$ cat run_9.cif   # mmCIF, C-alpha atoms
data_entry
#
loop_
_atom_site.group_PDB
_atom_site.id
_atom_site.type_symbol
_atom_site.label_atom_id
_atom_site.label_comp_id
_atom_site.auth_asym_id
_atom_site.auth_seq_id
_atom_site.Cartn_x
_atom_site.Cartn_y
_atom_site.Cartn_z
ATOM 1 C CA GLN A 1 -26.791 11.343 -14.694
ATOM 2 C CA LYS A 2 -25.987 8.511 -12.327
ATOM 3 C CA GLU A 3 -22.766 9.281 -10.500
ATOM 4 C CA VAL A 4 -20.208 7.349 -8.533
ATOM 5 C CA GLU A 5 -17.832 9.408 -6.427
ATOM 6 C CA GLN A 6 -14.617 8.261 -4.811
ATOM 7 C CA ASN A 7 -12.834 10.405 -2.237
ATOM 8 C CA SER A 8 -9.886 12.229 -3.657
ATOM 9 C CA GLY A 9 -6.486 10.666 -3.278
ATOM 10 C CA PRO A 10 -3.864 9.609 -3.296
ATOM 11 C CA LEU A 11 -4.075 7.691 -0.055
ATOM 12 C CA SER A 12 -0.882 6.686 1.690
ATOM 13 C CA VAL A 13 -0.713 4.235 4.598
ATOM 14 C CA PRO A 14 2.186 2.460 6.321
ATOM 15 C CA GLU A 15 2.681 -1.249 5.844
ATOM 16 C CA GLY A 16 0.502 -3.247 8.228
ATOM 17 C CA ALA A 17 -2.120 -0.515 8.633
ATOM 18 C CA ILE A 18 -5.775 -0.601 7.603
ATOM 19 C CA ALA A 19 -6.564 1.220 4.378
ATOM 20 C CA SER A 20 -10.114 2.551 4.053
ATOM 21 C CA LEU A 21 -11.426 3.383 0.597
ATOM 22 C CA ASN A 22 -14.812 5.036 0.244
ATOM 23 C CA CYS A 23 -17.329 5.392 -2.566
ATOM 24 C CA THR A 24 -20.697 7.160 -2.725
ATOM 25 C CA TYR A 25 -23.352 6.805 -5.402
ATOM 26 C CA SER A 26 -26.307 8.911 -6.459
ATOM 27 C CA ASP A 27 -28.854 6.314 -7.630
ATOM 28 C CA ARG A 28 -30.734 5.142 -4.548
ATOM 29 C CA GLY A 29 -32.065 2.128 -6.435
ATOM 30 C CA SER A 30 -28.602 0.691 -7.138
ATOM 31 C CA GLN A 31 -28.389 -3.021 -6.534
ATOM 32 C CA SER A 32 -24.853 -4.288 -7.161
ATOM 33 C CA PHE A 33 -21.509 -2.896 -6.091
ATOM 34 C CA PHE A 34 -18.030 -3.888 -7.189
ATOM 35 C CA TRP A 35 -14.455 -3.107 -6.247
ATOM 36 C CA TYR A 36 -11.714 -3.509 -8.855
ATOM 37 C CA ARG A 37 -7.969 -3.157 -8.377
ATOM 38 C CA GLN A 38 -5.867 -1.756 -11.209
ATOM 39 C CA TYR A 39 -2.086 -1.802 -11.202
ATOM 40 C CA SER A 40 -0.330 0.849 -13.264
ATOM 41 C CA GLY A 41 -0.497 -0.003 -16.956
ATOM 42 C CA LYS A 42 -2.689 -3.056 -16.371
ATOM 43 C CA SER A 43 -6.386 -3.801 -16.670
ATOM 44 C CA PRO A 44 -8.802 -3.835 -13.708
ATOM 45 C CA GLU A 45 -9.214 -7.065 -11.783
ATOM 46 C CA LEU A 46 -12.197 -7.844 -9.591
ATOM 47 C CA ILE A 47 -11.563 -7.863 -5.850
ATOM 48 C CA MET A 48 -15.055 -8.115 -4.411
ATOM 49 C CA PHE A 49 -18.719 -7.574 -5.094
ATOM 50 C CA ILE A 50 -21.489 -6.944 -2.600
ATOM 51 C CA TYR A 51 -25.251 -6.860 -3.011
ATOM 52 C CA SER A 52 -26.665 -6.687 0.534
ATOM 53 C CA ASN A 53 -26.306 -4.191 3.336
ATOM 54 C CA GLY A 54 -23.582 -4.995 5.823
ATOM 55 C CA ASP A 55 -20.095 -6.402 5.606
ATOM 56 C CA LYS A 56 -18.599 -9.012 3.320
ATOM 57 C CA GLU A 57 -15.155 -10.358 4.097
ATOM 58 C CA ASP A 58 -12.649 -12.114 1.847
ATOM 59 C CA GLY A 59 -9.219 -12.595 3.344
ATOM 60 C CA ARG A 60 -7.723 -9.196 4.129
ATOM 61 C CA PHE A 61 -10.485 -7.387 2.253
ATOM 62 C CA THR A 62 -13.850 -6.301 3.660
ATOM 63 C CA ALA A 63 -16.535 -4.581 1.629
ATOM 64 C CA GLN A 64 -19.124 -2.573 3.548
ATOM 65 C CA LEU A 65 -22.431 -1.459 2.057
ATOM 66 C CA ASN A 66 -24.876 1.042 3.506
ATOM 67 C CA LYS A 67 -27.743 1.589 1.080
ATOM 68 C CA ALA A 68 -29.523 4.095 3.327
ATOM 69 C CA SER A 69 -26.493 6.366 3.259
ATOM 70 C CA GLN A 70 -25.598 5.389 -0.324
ATOM 71 C CA TYR A 71 -22.019 4.445 0.279
ATOM 72 C CA VAL A 72 -19.841 1.422 -0.177
ATOM 73 C CA SER A 73 -16.363 1.069 1.248
ATOM 74 C CA LEU A 74 -13.418 -1.281 0.980
ATOM 75 C CA LEU A 75 -11.180 -1.995 3.951
ATOM 76 C CA ILE A 76 -7.786 -3.585 3.440
ATOM 77 C CA ARG A 77 -6.314 -4.998 6.636
ATOM 78 C CA ASP A 78 -2.572 -5.545 7.155
ATOM 79 C CA SER A 79 -1.816 -3.480 4.052
ATOM 80 C CA GLN A 80 1.147 -4.649 1.996
ATOM 81 C CA PRO A 81 3.274 -2.782 -0.560
ATOM 82 C CA SER A 82 1.769 -5.103 -3.168
ATOM 83 C CA ASP A 83 -1.620 -3.510 -2.435
ATOM 84 C CA SER A 84 -0.346 -0.257 -3.938
ATOM 85 C CA ALA A 85 -2.651 0.315 -6.899
ATOM 86 C CA THR A 86 -5.676 2.267 -8.051
ATOM 87 C CA TYR A 87 -8.995 0.995 -6.711
ATOM 88 C CA LEU A 88 -12.117 1.494 -8.798
ATOM 89 C CA CYS A 89 -15.621 1.430 -7.389
ATOM 90 C CA ALA A 90 -18.386 0.357 -9.790
ATOM 91 C CA VAL A 91 -22.134 0.445 -9.298
ATOM 92 C CA ARG A 92 -24.936 -1.244 -11.223
ATOM 93 C CA PRO A 93 -28.333 0.446 -10.792
ATOM 94 C CA GLY A 94 -30.427 -2.564 -11.829
ATOM 95 C CA ALA A 95 -30.224 -6.196 -12.815
ATOM 96 C CA ASN A 96 -29.594 -5.528 -16.499
ATOM 97 C CA SER A 97 -28.088 -2.075 -16.226
ATOM 98 C CA LYS A 98 -24.643 -0.957 -17.232
ATOM 99 C CA LEU A 99 -21.882 -0.465 -14.702
ATOM 100 C CA THR A 100 -20.939 3.076 -13.733
ATOM 101 C CA PHE A 101 -17.362 3.495 -12.559
ATOM 102 C CA GLY A 102 -15.838 6.023 -10.215
ATOM 103 C CA LYS A 103 -12.586 7.702 -11.167
ATOM 104 C CA GLY A 104 -10.630 5.549 -8.750
ATOM 105 C CA ILE A 105 -8.378 6.264 -5.819
ATOM 106 C CA THR A 106 -4.681 5.518 -5.785
ATOM 107 C CA LEU A 107 -3.391 3.727 -2.695
ATOM 108 C CA SER A 108 0.278 3.745 -1.744
ATOM 109 C CA VAL A 109 1.480 1.422 1.026
ATOM 110 C CA ARG A 110 4.790 2.585 2.511
ATOM 111 C CA PRO A 111 7.224 -0.177 3.585
ATOM 112 C CA ASP B 1 -6.967 -21.588 -20.681
ATOM 113 C CA GLY B 2 -10.055 -19.409 -20.444
ATOM 114 C CA GLY B 3 -10.051 -15.675 -20.605
ATOM 115 C CA ILE B 4 -10.290 -12.511 -22.620
ATOM 116 C CA THR B 5 -7.607 -11.554 -25.104
ATOM 117 C CA GLN B 6 -7.032 -8.197 -26.713
ATOM 118 C CA SER B 7 -4.672 -7.371 -29.531
ATOM 119 C CA PRO B 8 -2.505 -5.601 -30.200
ATOM 120 C CA LYS B 9 -1.141 -4.545 -26.820
ATOM 121 C CA TYR B 10 0.180 -1.292 -28.274
ATOM 122 C CA LEU B 11 -1.092 0.446 -31.403
ATOM 123 C CA PHE B 12 0.093 3.575 -33.125
ATOM 124 C CA ARG B 13 -2.104 5.404 -35.572
ATOM 125 C CA LYS B 14 -1.564 8.332 -37.852
ATOM 126 C CA GLU B 15 -4.193 11.020 -37.916
ATOM 127 C CA GLY B 16 -6.938 10.254 -40.416
ATOM 128 C CA GLN B 17 -6.540 6.469 -40.203
ATOM 129 C CA ASN B 18 -9.091 3.971 -39.021
ATOM 130 C CA VAL B 19 -7.808 1.214 -36.746
ATOM 131 C CA THR B 20 -9.469 -1.927 -35.409
ATOM 132 C CA LEU B 21 -8.881 -3.341 -31.935
ATOM 133 C CA SER B 22 -9.501 -7.032 -31.406
ATOM 134 C CA CYS B 23 -11.292 -8.601 -28.436
ATOM 135 C CA GLU B 24 -11.876 -12.331 -28.111
ATOM 136 C CA GLN B 25 -13.260 -14.366 -25.204
ATOM 137 C CA ASN B 26 -13.592 -18.104 -24.648
ATOM 138 C CA LEU B 27 -15.650 -17.820 -21.457
ATOM 139 C CA ASN B 28 -18.933 -18.416 -23.276
ATOM 140 C CA HIS B 29 -20.099 -15.015 -22.049
ATOM 141 C CA ASP B 30 -23.138 -13.438 -23.678
ATOM 142 C CA ALA B 31 -22.342 -9.791 -23.024
ATOM 143 C CA MET B 32 -19.269 -7.865 -24.123
ATOM 144 C CA TYR B 33 -18.221 -4.267 -23.558
ATOM 145 C CA TRP B 34 -15.707 -1.688 -24.718
ATOM 146 C CA TYR B 35 -14.418 0.987 -22.354
ATOM 147 C CA ARG B 36 -12.020 3.834 -22.736
ATOM 148 C CA GLN B 37 -9.741 5.006 -19.920
ATOM 149 C CA ASP B 38 -7.847 8.272 -19.908
ATOM 150 C CA PRO B 39 -5.145 9.136 -17.331
ATOM 151 C CA GLY B 40 -6.645 9.827 -13.918
ATOM 152 C CA GLN B 41 -10.116 8.955 -15.146
ATOM 153 C CA GLY B 42 -12.510 6.134 -14.572
ATOM 154 C CA LEU B 43 -13.796 3.857 -17.293
ATOM 155 C CA ARG B 44 -16.202 5.258 -19.847
ATOM 156 C CA LEU B 45 -18.437 2.934 -21.827
ATOM 157 C CA ILE B 46 -18.139 3.127 -25.618
ATOM 158 C CA TYR B 47 -20.340 0.258 -26.863
ATOM 159 C CA TYR B 48 -21.799 -2.928 -25.474
ATOM 160 C CA SER B 49 -23.427 -6.033 -26.841
ATOM 161 C CA GLN B 50 -25.757 -8.352 -24.986
ATOM 162 C CA ILE B 51 -26.215 -10.872 -27.792
ATOM 163 C CA VAL B 52 -24.798 -11.773 -31.196
ATOM 164 C CA ASN B 53 -25.743 -9.383 -34.009
ATOM 165 C CA ASP B 54 -26.933 -6.731 -31.572
ATOM 166 C CA PHE B 55 -25.119 -3.864 -29.864
ATOM 167 C CA GLN B 56 -25.922 -0.532 -28.221
ATOM 168 C CA LYS B 57 -24.145 2.769 -27.880
ATOM 169 C CA GLY B 58 -22.605 3.628 -24.562
ATOM 170 C CA ASP B 59 -21.833 7.068 -23.195
ATOM 171 C CA ILE B 60 -19.114 8.041 -25.701
ATOM 172 C CA ALA B 61 -19.869 6.159 -28.954
ATOM 173 C CA GLU B 62 -19.134 8.997 -31.376
ATOM 174 C CA GLY B 63 -16.188 8.190 -33.628
ATOM 175 C CA TYR B 64 -16.300 4.455 -32.854
ATOM 176 C CA SER B 65 -17.963 1.436 -34.453
ATOM 177 C CA VAL B 66 -18.352 -2.214 -33.463
ATOM 178 C CA SER B 67 -19.666 -5.508 -34.776
ATOM 179 C CA ARG B 68 -20.786 -8.706 -33.052
ATOM 180 C CA GLU B 69 -20.931 -11.419 -35.674
ATOM 181 C CA LYS B 70 -19.731 -14.161 -33.325
ATOM 182 C CA LYS B 71 -20.331 -14.704 -29.638
ATOM 183 C CA GLU B 72 -16.599 -14.857 -28.981
ATOM 184 C CA SER B 73 -15.573 -11.683 -30.786
ATOM 185 C CA PHE B 74 -16.362 -7.984 -30.395
ATOM 186 C CA PRO B 75 -13.951 -5.831 -32.441
ATOM 187 C CA LEU B 76 -13.831 -2.063 -32.018
ATOM 188 C CA THR B 77 -12.966 0.304 -34.864
ATOM 189 C CA VAL B 78 -11.637 3.722 -33.983
ATOM 190 C CA THR B 79 -12.471 5.920 -36.948
ATOM 191 C CA SER B 80 -10.898 9.142 -38.129
ATOM 192 C CA ALA B 81 -13.983 10.914 -36.776
ATOM 193 C CA GLN B 82 -12.754 10.305 -33.223
ATOM 194 C CA LYS B 83 -10.902 13.518 -32.505
ATOM 195 C CA ASN B 84 -8.935 12.446 -29.462
ATOM 196 C CA PRO B 85 -8.408 8.681 -29.688
ATOM 197 C CA THR B 86 -5.218 8.358 -27.635
ATOM 198 C CA ALA B 87 -6.252 6.269 -24.635
ATOM 199 C CA PHE B 88 -6.205 2.853 -22.982
ATOM 200 C CA TYR B 89 -8.978 0.655 -24.409
ATOM 201 C CA LEU B 90 -10.434 -2.138 -22.321
ATOM 202 C CA CYS B 91 -12.704 -4.949 -23.403
ATOM 203 C CA ALA B 92 -14.834 -6.772 -20.844
ATOM 204 C CA SER B 93 -17.374 -9.577 -20.811
ATOM 205 C CA SER B 94 -20.014 -10.968 -18.471
ATOM 206 C CA SER B 95 -21.978 -14.173 -18.409
ATOM 207 C CA ARG B 96 -25.448 -12.698 -18.647
ATOM 208 C CA SER B 97 -26.894 -9.529 -20.118
ATOM 209 C CA GLY B 98 -25.130 -7.198 -17.751
ATOM 210 C CA ALA B 99 -26.428 -8.955 -14.663
ATOM 211 C CA ASP B 100 -23.200 -10.667 -13.777
ATOM 212 C CA THR B 101 -19.713 -9.591 -12.913
ATOM 213 C CA GLN B 102 -17.630 -8.071 -15.688
ATOM 214 C CA TYR B 103 -14.132 -9.378 -16.342
ATOM 215 C CA PHE B 104 -11.556 -7.427 -18.278
ATOM 216 C CA GLY B 105 -9.039 -8.204 -20.973
ATOM 217 C CA PRO B 106 -5.465 -6.893 -20.737
ATOM 218 C CA GLY B 107 -6.179 -3.755 -22.759
ATOM 219 C CA THR B 108 -4.828 -2.008 -25.857
ATOM 220 C CA ARG B 109 -2.964 1.260 -25.589
ATOM 221 C CA LEU B 110 -3.636 3.412 -28.643
ATOM 222 C CA THR B 111 -1.448 6.386 -29.478
ATOM 223 C CA VAL B 112 -2.105 8.818 -32.293
ATOM 224 C CA LEU B 113 1.076 10.148 -33.839
#
$ encode --input "run_9.cif" --output "structure tokens"
Amino acid sequence: QKEVEQNSGPLSVPEGAIASLNCTYSDRGSQSFFWYRQYSGKSPELIMFIYSNGDKEDGRFTAQLNKASQYVSLLIRDSQPSDSATYLCAVRPGANSKLTFGKGITLSVRP
Amino acid sequence: DGGITQSPKYLFRKEGQNVTLSCEQNLNHDAMYWYRQDPGQGLRLIYYSQIVNDFQKGDIAEGYSVSREKKESFPLTVTSAQKNPTAFYLCASSSRSGADTQYFGPGTRLTVL
């Protein structure tokens, strides 16, 4: 059973701080990694995807991938109250494989 | 205005009834998916379809059925055989057979009375 684990939450950070969200996966051959944000009662929306080792930046968001250690993380700089949501990590083992989702971690940004 | 639509937004079902959830996309995506989300849980795959007239079971297909007669549409039927159907149901699509990013519709919240 391919697994995606997200560290238990909830996570609370003050406004303006860096929020660090982590995700580990069990399938060493996984190729694609996705972060989705889900507001309460809404559907997930894609924030970022990453395929290669290293960092990928998009505005205040940075995805970090380390395939050797089998983890992917999402950093949110200058956190805002509007970033308060549940963040879902998703992993695709191969090019035509199904996504496997973690259970998500809830982030709360305190004003 | 491209996107994925799901209807209804809220659905109430009596025990023993079958209900059908609608999912339509105008993104010209080949692949479509149905997920179920329970409180505090991640998304679990019910069924997926990579091409018209073909679909495969996901991890929790029991008690559900689907059809894919048109590229744009992938309806999900929750049958009376599904013992615990109360959940948030999400439809998603991607441009190739699972190789591309999945985008989600707004969801249908099903409650069994």
$ residues_around --input "run_9.cif" --residues "B:Tyr89" --least-positions-apart "4" --cutoff "7 Å" --atoms "all atoms listed in the file" --output "short mmCIF file (atom, residue, chain, number, x, y, z; two decimals) with C-alpha atoms, in the coordinates of the input"
data_model
loop_
_atom_site.label_atom_id
_atom_site.label_comp_id
_atom_site.auth_asym_id
_atom_site.auth_seq_id
_atom_site.Cartn_x
_atom_site.Cartn_y
_atom_site.Cartn_z
CA TYR B 35 -14.42 0.99 -22.35
CA ARG B 36 -12.02 3.83 -22.74
CA GLN B 37 -9.74 5.01 -19.92
CA GLY B 107 -6.18 -3.76 -22.76
CA THR B 108 -4.83 -2.01 -25.86
CA ARG B 109 -2.96 1.26 -25.59
#
$ closest_atom_pairs --input "run_9.cif" --of "chain B" --to "chain A" --cutoff "12 Å" --atoms "all atoms listed in the file" --output "CSV"
residue,atom,partner,partner_atom,distance
B:Ile4,CA,A:Ser43,CA,11.2
B:Thr5,CA,A:Ser43,CA,11.5
B:Gln6,CA,A:Ser43,CA,11.0
B:Lys9,CA,A:Lys42,CA,10.7
B:Tyr10,CA,A:Gly41,CA,11.4
B:Ala31,CA,A:Asn96,CA,10.6
B:Met32,CA,A:Lys98,CA,11.1
B:Tyr33,CA,A:Lys98,CA,9.6
B:Trp34,CA,A:Lys98,CA,11.7
B:Tyr35,CA,A:Phe101,CA,10.5
B:Arg36,CA,A:Ser43,CA,11.3
B:Gln37,CA,A:Lys103,CA,9.6
B:Asp38,CA,A:Lys103,CA,10.0
B:Pro39,CA,A:Lys103,CA,9.8
B:Gly40,CA,A:Lys103,CA,6.9
B:Gln41,CA,A:Lys103,CA,4.8
B:Gly42,CA,A:Lys103,CA,3.7
B:Leu43,CA,A:Phe101,CA,5.9
B:Arg44,CA,A:Phe101,CA,7.6
B:Leu45,CA,A:Thr100,CA,8.5
B:Ile46,CA,A:Lys98,CA,11.4
B:Tyr47,CA,A:Lys98,CA,10.6
B:Tyr48,CA,A:Lys98,CA,8.9
B:Ser49,CA,A:Lys98,CA,10.9
B:Gln50,CA,A:Asn96,CA,9.7
B:Gln56,CA,A:Lys98,CA,11.1
B:Lys57,CA,A:Lys98,CA,11.3
B:Gly58,CA,A:Lys98,CA,8.9
B:Asp59,CA,A:Thr100,CA,10.3
B:Ala87,CA,A:Gly41,CA,11.5
B:Phe88,CA,A:Gly41,CA,8.8
B:Tyr89,CA,A:Ser43,CA,9.3
B:Leu90,CA,A:Ser43,CA,7.1
B:Cys91,CA,A:Ser43,CA,9.3
B:Ala92,CA,A:Pro44,CA,9.8
B:Ser93,CA,A:Lys98,CA,11.8
B:Ser94,CA,A:Lys98,CA,11.1
B:Ser95,CA,A:Asn96,CA,11.7
B:Arg96,CA,A:Asn96,CA,8.6
B:Ser97,CA,A:Asn96,CA,6.0
B:Gly98,CA,A:Asn96,CA,4.9
B:Ala99,CA,A:Asn96,CA,5.0
B:Asp100,CA,A:Ala95,CA,8.4
B:Thr101,CA,A:Phe49,CA,8.1
B:Gln102,CA,A:Leu46,CA,8.2
B:Tyr103,CA,A:Glu45,CA,7.1
B:Phe104,CA,A:Pro44,CA,6.4
B:Gly105,CA,A:Ser43,CA,6.7
B:Pro106,CA,A:Ser43,CA,5.2
B:Gly107,CA,A:Ser43,CA,6.1
B:Thr108,CA,A:Ser43,CA,9.5
B:Arg109,CA,A:Gly41,CA,9.1
$ write_last_selection --input "run_9.cif" --atoms "C-alpha atoms" --output "short mmCIF file (atom, residue, chain, number, x, y, z; two decimals), in the coordinates of the input"
data_model
loop_
_atom_site.label_atom_id
_atom_site.label_comp_id
_atom_site.auth_asym_id
_atom_site.auth_seq_id
_atom_site.Cartn_x
_atom_site.Cartn_y
_atom_site.Cartn_z
CA ILE B 4 -10.29 -12.51 -22.62
CA THR B 5 -7.61 -11.55 -25.10
CA GLN B 6 -7.03 -8.20 -26.71
CA LYS B 9 -1.14 -4.54 -26.82
CA TYR B 10 0.18 -1.29 -28.27
CA ALA B 31 -22.34 -9.79 -23.02
CA MET B 32 -19.27 -7.86 -24.12
CA TYR B 33 -18.22 -4.27 -23.56
CA TRP B 34 -15.71 -1.69 -24.72
CA TYR B 35 -14.42 0.99 -22.35
CA ARG B 36 -12.02 3.83 -22.74
CA GLN B 37 -9.74 5.01 -19.92
CA ASP B 38 -7.85 8.27 -19.91
CA PRO B 39 -5.14 9.14 -17.33
CA GLY B 40 -6.64 9.83 -13.92
CA GLN B 41 -10.12 8.96 -15.15
CA GLY B 42 -12.51 6.13 -14.57
CA LEU B 43 -13.80 3.86 -17.29
CA ARG B 44 -16.20 5.26 -19.85
CA LEU B 45 -18.44 2.93 -21.83
CA ILE B 46 -18.14 3.13 -25.62
CA TYR B 47 -20.34 0.26 -26.86
CA TYR B 48 -21.80 -2.93 -25.47
CA SER B 49 -23.43 -6.03 -26.84
CA GLN B 50 -25.76 -8.35 -24.99
CA GLN B 56 -25.92 -0.53 -28.22
CA LYS B 57 -24.14 2.77 -27.88
CA GLY B 58 -22.60 3.63 -24.56
CA ASP B 59 -21.83 7.07 -23.20
CA ALA B 87 -6.25 6.27 -24.64
CA PHE B 88 -6.20 2.85 -22.98
CA TYR B 89 -8.98 0.66 -24.41
CA LEU B 90 -10.43 -2.14 -22.32
CA CYS B 91 -12.70 -4.95 -23.40
CA ALA B 92 -14.83 -6.77 -20.84
CA SER B 93 -17.37 -9.58 -20.81
CA SER B 94 -20.01 -10.97 -18.47
CA SER B 95 -21.98 -14.17 -18.41
CA ARG B 96 -25.45 -12.70 -18.65
CA SER B 97 -26.89 -9.53 -20.12
CA GLY B 98 -25.13 -7.20 -17.75
CA ALA B 99 -26.43 -8.96 -14.66
CA ASP B 100 -23.20 -10.67 -13.78
CA THR B 101 -19.71 -9.59 -12.91
CA GLN B 102 -17.63 -8.07 -15.69
CA TYR B 103 -14.13 -9.38 -16.34
CA PHE B 104 -11.56 -7.43 -18.28
CA GLY B 105 -9.04 -8.20 -20.97
CA PRO B 106 -5.46 -6.89 -20.74
CA GLY B 107 -6.18 -3.76 -22.76
CA THR B 108 -4.83 -2.01 -25.86
CA ARG B 109 -2.96 1.26 -25.59
#
$ resolve_selection --input "run_9.cif" --expression "the PyMOL selection byres ((chain A and resi 73-80) around 12)" --output "count of residues only"
60
$ atom_distance --input "run_9.cif" --atom1 "atom CA of B:Ile51" --atom2 "atom CA of B:Thr20"
20.5 Å
$ resolve_selection --input "run_9.cif" --expression "the PyMOL selection byres ((chain B and resi 18) around 12)" --output "VMD selection string"
chain B and resid 11 to 17 19 to 21 63 to 65 76 to 83 85 110 112
$ axis_aligned_box --input "run_9.cif" --around "stretch 5-11 of chain A" --padding-each-side "4 Å" --output "AutoDock Vina command-line options"
--center_x -10.8 --center_y 10.0 --center_z -3.2 --size_x 22.0 --size_y 12.5 --size_z 14.4
$ decode --input "run_9.cif" --residues "stretch 5-28 of chain B" --atoms "N, CA and C atoms" --output "mmCIF file, in the first residue's frame"
data_model
loop_
_atom_site.group_PDB
_atom_site.id
_atom_site.type_symbol
_atom_site.label_atom_id
_atom_site.label_comp_id
_atom_site.auth_asym_id
_atom_site.auth_seq_id
_atom_site.Cartn_x
_atom_site.Cartn_y
_atom_site.Cartn_z
ATOM 1 N N THR B 5 -18.023 21.566 -13.197
ATOM 2 C CA THR B 5 -19.221 21.842 -12.415
ATOM 3 C C THR B 5 -19.756 20.556 -11.818
ATOM 4 N N GLN B 6 -20.246 20.666 -10.613
ATOM 5 C CA GLN B 6 -20.881 19.547 -9.932
ATOM 6 C C GLN B 6 -22.251 20.000 -9.433
ATOM 7 N N SER B 7 -23.204 19.088 -9.543
ATOM 8 C CA SER B 7 -24.530 19.411 -9.005
ATOM 9 C C SER B 7 -25.178 18.145 -8.467
ATOM 10 N N PRO B 8 -26.030 18.307 -7.440
ATOM 11 C CA PRO B 8 -26.273 19.542 -6.721
ATOM 12 C C PRO B 8 -25.143 19.847 -5.743
ATOM 13 N N LYS B 9 -25.196 20.993 -5.109
ATOM 14 C CA LYS B 9 -24.188 21.341 -4.110
ATOM 15 C C LYS B 9 -24.450 20.567 -2.825
ATOM 16 N N TYR B 10 -25.711 20.449 -2.469
ATOM 17 C CA TYR B 10 -26.125 19.680 -1.294
ATOM 18 C C TYR B 10 -27.176 18.662 -1.739
ATOM 19 N N LEU B 11 -27.114 17.471 -1.152
ATOM 20 C CA LEU B 11 -28.049 16.412 -1.519
ATOM 21 C C LEU B 11 -28.393 15.613 -0.274
ATOM 22 N N PHE B 12 -29.678 15.388 -0.099
ATOM 23 C CA PHE B 12 -30.136 14.613 1.044
ATOM 24 C C PHE B 12 -30.804 13.346 0.521
ATOM 25 N N ARG B 13 -30.480 12.253 1.133
ATOM 26 C CA ARG B 13 -30.982 10.967 0.656
ATOM 27 C C ARG B 13 -31.559 10.173 1.821
ATOM 28 N N LYS B 14 -32.644 9.519 1.561
ATOM 29 C CA LYS B 14 -33.185 8.602 2.559
ATOM 30 C C LYS B 14 -32.486 7.261 2.405
ATOM 31 N N GLU B 15 -32.414 6.544 3.475
ATOM 32 C CA GLU B 15 -31.800 5.214 3.418
ATOM 33 C C GLU B 15 -32.544 4.341 2.416
ATOM 34 N N GLY B 16 -31.793 3.590 1.631
ATOM 35 C CA GLY B 16 -32.393 2.699 0.644
ATOM 36 C C GLY B 16 -32.576 3.308 -0.725
ATOM 37 N N GLN B 17 -32.288 4.626 -0.860
ATOM 38 C CA GLN B 17 -32.434 5.287 -2.153
ATOM 39 C C GLN B 17 -31.106 5.332 -2.888
ATOM 40 N N ASN B 18 -31.209 5.253 -4.210
ATOM 41 C CA ASN B 18 -30.052 5.551 -5.051
ATOM 42 C C ASN B 18 -30.089 7.047 -5.404
ATOM 43 N N VAL B 19 -28.928 7.662 -5.476
ATOM 44 C CA VAL B 19 -28.851 9.048 -5.919
ATOM 45 C C VAL B 19 -27.698 9.182 -6.915
ATOM 46 N N THR B 20 -27.863 10.134 -7.842
ATOM 47 C CA THR B 20 -26.826 10.361 -8.850
ATOM 48 C C THR B 20 -26.281 11.769 -8.730
ATOM 49 N N LEU B 21 -24.941 11.862 -8.671
ATOM 50 C CA LEU B 21 -24.239 13.128 -8.589
ATOM 51 C C LEU B 21 -23.687 13.453 -9.981
ATOM 52 N N SER B 22 -23.868 14.696 -10.383
ATOM 53 C CA SER B 22 -23.459 15.112 -11.711
ATOM 54 C C SER B 22 -22.073 15.749 -11.677
ATOM 55 N N CYS B 23 -21.278 15.484 -12.709
ATOM 56 C CA CYS B 23 -19.995 16.136 -12.909
ATOM 57 C C CYS B 23 -19.811 16.408 -14.393
ATOM 58 N N GLU B 24 -19.596 17.673 -14.719
ATOM 59 C CA GLU B 24 -19.406 18.077 -16.111
ATOM 60 C C GLU B 24 -18.172 18.953 -16.209
ATOM 61 N N GLN B 25 -17.385 18.767 -17.286
ATOM 62 C CA GLN B 25 -16.217 19.623 -17.506
ATOM 63 C C GLN B 25 -16.156 20.066 -18.969
ATOM 64 N N ASN B 26 -15.731 21.317 -19.149
ATOM 65 C CA ASN B 26 -15.573 21.842 -20.515
ATOM 66 C C ASN B 26 -14.123 22.203 -20.785
ATOM 67 N N LEU B 27 -13.215 21.477 -20.130
ATOM 68 C CA LEU B 27 -11.775 21.693 -20.275
ATOM 69 C C LEU B 27 -11.165 20.809 -21.350
ATOM 70 N N ASN B 28 -11.978 19.984 -21.963
ATOM 71 C CA ASN B 28 -11.504 19.016 -22.958
ATOM 72 C C ASN B 28 -10.515 18.016 -22.348
#
